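Trainee: Input structure: model16.pdb, which contains PDB, C-alpha atoms and all ligand atoms.
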```pdb
ATOM      1  CA  MET A   1       1.637  57.536   5.167  1.00  0.00           C
ATOM      2  CA  SER A   2       3.040  60.952   4.347  1.00  0.00           C
ATOM      3  CA  LYS A   3       3.313  63.660   6.990  1.00  0.00           C
ATOM      4  CA  THR A   4       3.182  66.399   4.373  1.00  0.00           C
ATOM      5  CA  ASN A   5      -0.424  65.696   3.466  1.00  0.00           C
ATOM      6  CA  PRO A   6      -2.327  64.601   6.564  1.00  0.00           C
ATOM      7  CA  LYS A   7      -5.753  65.365   5.094  1.00  0.00           C
ATOM      8  CA  LYS A   8      -5.299  63.410   1.911  1.00  0.00           C
ATOM      9  CA  LEU A   9      -7.781  60.668   2.768  1.00  0.00           C
ATOM     10  CA  ASN A  10     -10.995  60.797   0.835  1.00  0.00           C
ATOM     11  CA  VAL A  11     -14.037  58.926   2.098  1.00  0.00           C
ATOM     12  CA  VAL A  12     -16.387  58.062  -0.734  1.00  0.00           C
ATOM     13  CA  LYS A  13     -19.842  56.868   0.099  1.00  0.00           C
ATOM     14  CA  ARG A  14     -20.683  53.901  -2.058  1.00  0.00           C
ATOM     15  CA  ASN A  15     -24.013  52.464  -1.034  1.00  0.00           C
ATOM     16  CA  ASP A  16     -24.200  50.769  -4.413  1.00  0.00           C
ATOM     17  CA  LEU A  17     -21.334  48.465  -3.514  1.00  0.00           C
ATOM     18  CA  THR A  18     -21.582  45.402  -1.339  1.00  0.00           C
ATOM     19  CA  PRO A  19     -18.591  44.641   0.883  1.00  0.00           C
ATOM     20  CA  LEU A  20     -17.138  41.170   0.898  1.00  0.00           C
ATOM     21  CA  CYS A  21     -16.363  39.062   3.916  1.00  0.00           C
ATOM     22  CA  CYS A  22     -12.613  39.045   4.496  1.00  0.00           C
ATOM     23  CA  HIS A  23     -12.807  35.345   5.389  1.00  0.00           C
ATOM     24  CA  CYS A  24     -15.104  33.658   2.867  1.00  0.00           C
ATOM     25  CA  ASN A  25     -15.481  36.410   0.216  1.00  0.00           C
ATOM     26  CA  ASN A  26     -19.248  36.171   0.241  1.00  0.00           C
ATOM     27  CA  GLU A  27     -21.187  39.400  -0.194  1.00  0.00           C
ATOM     28  CA  LEU A  28     -22.152  41.001   3.088  1.00  0.00           C
ATOM     29  CA  THR A  29     -25.644  42.161   2.350  1.00  0.00           C
ATOM     30  CA  GLU A  30     -26.138  41.923   6.096  1.00  0.00           C
ATOM     31  CA  VAL A  31     -24.008  41.171   9.122  1.00  0.00           C
ATOM     32  CA  TYR A  32     -24.955  39.467  12.340  1.00  0.00           C
ATOM     33  CA  SER A  33     -24.277  41.084  15.663  1.00  0.00           C
ATOM     34  CA  LYS A  34     -24.133  39.795  19.167  1.00  0.00           C
ATOM     35  CA  THR A  35     -24.072  41.759  22.390  1.00  0.00           C
ATOM     36  CA  GLN A  36     -23.354  40.947  25.979  1.00  0.00           C
ATOM     37  CA  GLY A  37     -25.217  37.980  27.343  1.00  0.00           C
ATOM     38  CA  ALA A  38     -23.497  35.626  24.965  1.00  0.00           C
ATOM     39  CA  GLY A  39     -21.107  34.645  27.698  1.00  0.00           C
ATOM     40  CA  PHE A  40     -17.811  35.608  26.159  1.00  0.00           C
ATOM     41  CA  VAL A  41     -18.362  39.197  25.052  1.00  0.00           C
ATOM     42  CA  VAL A  42     -17.356  41.522  27.858  1.00  0.00           C
ATOM     43  CA  GLY A  43     -19.086  44.735  28.786  1.00  0.00           C
ATOM     44  CA  LYS A  44     -21.086  46.569  26.199  1.00  0.00           C
ATOM     45  CA  ASP A  45     -19.060  45.430  23.253  1.00  0.00           C
ATOM     46  CA  VAL A  46     -20.957  44.425  20.158  1.00  0.00           C
ATOM     47  CA  MET A  47     -19.483  41.667  18.066  1.00  0.00           C
ATOM     48  CA  TYR A  48     -20.189  41.574  14.354  1.00  0.00           C
ATOM     49  CA  PHE A  49     -19.841  38.398  12.390  1.00  0.00           C
ATOM     50  CA  CYS A  50     -20.409  37.065   8.909  1.00  0.00           C
ATOM     51  CA  PRO A  51     -23.777  35.341   8.307  1.00  0.00           C
ATOM     52  CA  HIS A  52     -22.108  32.963   5.833  1.00  0.00           C
ATOM     53  CA  CYS A  53     -19.036  31.635   7.632  1.00  0.00           C
ATOM     54  CA  LEU A  54     -19.840  33.024  11.118  1.00  0.00           C
ATOM     55  CA  LYS A  55     -16.347  34.415  11.505  1.00  0.00           C
ATOM     56  CA  VAL A  56     -15.946  37.611  13.492  1.00  0.00           C
ATOM     57  CA  LEU A  57     -15.618  40.759  11.415  1.00  0.00           C
ATOM     58  CA  GLY A  58     -15.039  43.231  14.217  1.00  0.00           C
ATOM     59  CA  PHE A  59     -16.102  44.780  17.471  1.00  0.00           C
ATOM     60  CA  ALA A  60     -17.739  48.073  18.362  1.00  0.00           C
ATOM     61  CA  GLN A  61     -18.710  49.864  21.510  1.00  0.00           C
ATOM     62  CA  SER A  62     -22.426  49.875  22.024  1.00  0.00           C
ATOM     63  CA  ARG A  63     -24.039  53.180  22.912  1.00  0.00           C
ATOM     64  CA  MET A  64     -27.141  51.500  24.207  1.00  0.00           C
ATOM     65  CA  ILE A  65     -28.199  52.203  27.769  1.00  0.00           C
TER      66      ILE A  65
HETATM   67 ZN    ZN B   1     -17.670  35.064   5.760  1.00  0.00          ZN
END
```
Write the structure described by the file as structure tokens, please.

Mentor:
Amino acid sequence: MSKTNPKKLNVVKRNDLTPLCCHCNNELTEVYSKTQGAGFVVGKDVMYFCPHCLKVLGFAQSRMI
């Protein structure tokens, strides 16, 4: 990362592309999510996981009440 050009990053919206699961390389046309109540997810974290291999893709903070 260069310090001379901090605003170099371009974000291109590509709704025509389908992301791939980083674990099984299947197309993620949808992802599953799980919120608290599952027993092992703390607080209001939302866990996202692949519907094909069920591996966790990431976490996010829920804004739900
Ligand atoms: Zn997968």

Trainee: Using CA of Phe59 in chain A and CA of Arg14 in chain A as the two end points, give the distance in Å to one decimal.

Mentor: 22.0 Å

Trainee: What do you get, as a list in words, if you spell out every residue that the PyMOL selection byres (((chain A and resi 22-24) around 10) and not hetatm) selects here?

Mentor: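 Answer for the PyMOL selection byres (((chain A and resi 22-24) around 10) and not hetatm): Pro19, Leu20, Cys21, Asn25, Asn26, Glu27, Leu28, Cys50, His52, Cys53, Leu54, Lys55, Val56 and Leu57 of chain A.
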
Trainee: Write the residues of the selection above to a file with C-alpha atoms, as a compact mmCIF listing (two decimals), keeping the file's coordinate frame.

Mentor:
```
# COMPACT_ATOMS: atom_id res chain seq x y z
CA PRO A 19 -18.59 44.64 0.88
CA LEU A 20 -17.14 41.17 0.90
CA CYS A 21 -16.36 39.06 3.92
CA ASN A 25 -15.48 36.41 0.22
CA ASN A 26 -19.25 36.17 0.24
CA GLU A 27 -21.19 39.40 -0.19
CA LEU A 28 -22.15 41.00 3.09
CA CYS A 50 -20.41 37.06 8.91
CA HIS A 52 -22.11 32.96 5.83
CA CYS A 53 -19.04 31.64 7.63
CA LEU A 54 -19.84 33.02 11.12
CA LYS A 55 -16.35 34.42 11.50
CA VAL A 56 -15.95 37.61 13.49
CA LEU A 57 -15.62 40.76 11.42
```

Trainee: Counting all atoms listed in the file, figure out which residue out of A:Thr35, A:Asn10, A:Thr29, A:Gln61 gets nearest to ligand ZN 1 (chain B).

Mentor: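 Selected residue with least distance to ligand ZN 1 (chain B): A:Thr29.
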
Trainee: Just to confirm, what's the straight-line distance from CA of Val46 in chain A to CA of Val12 in chain A in Å (one decimal)?

Mentor: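 Distance reported for this atom pair: 25.4 Å.
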
Trainee: For each of A:Ser33, A:Leu9, A:Pro51, A:Leu17, take the minimum atom-to-atom distance to ligand ZN 1 (chain B), counting only C-alpha atoms and all ligand atoms, then give the residue where this is smallest.

Mentor: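 When distances to ligand ZN 1 (chain B) are compared using only C-alpha atoms and all ligand atoms, the smallest one comes from A:Pro51.
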
Trainee: Box along x, y and z, 3 Å on every side, all listed atoms of range 45-51 of chain A inside: centre and edge lengths in Å to one decimal, as AutoDock Vina command-line options.

Mentor:
```
--center_x -21.4 --center_y 40.4 --center_z 15.8 --size_x 10.7 --size_y 16.1 --size_z 20.9
```

Trainee: Counting only C-alpha atoms and all ligand atoms, figure out which residue out of A:Val31, A:Met47, A:Ala60, A:Val11 gets nearest to ligand ZN 1 (chain B).

Mentor: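 Ranking A:Val31, A:Met47, A:Ala60, A:Val11 by distance to ligand ZN 1 (chain B), first place goes to A:Val31.
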
Trainee: Taking all atoms listed in the file into account, which of A:Phe49, A:Gly58, A:Lys34, A:Pro6 comes nearest ligand ZN 1 (chain B)?

Mentor: A:Phe49
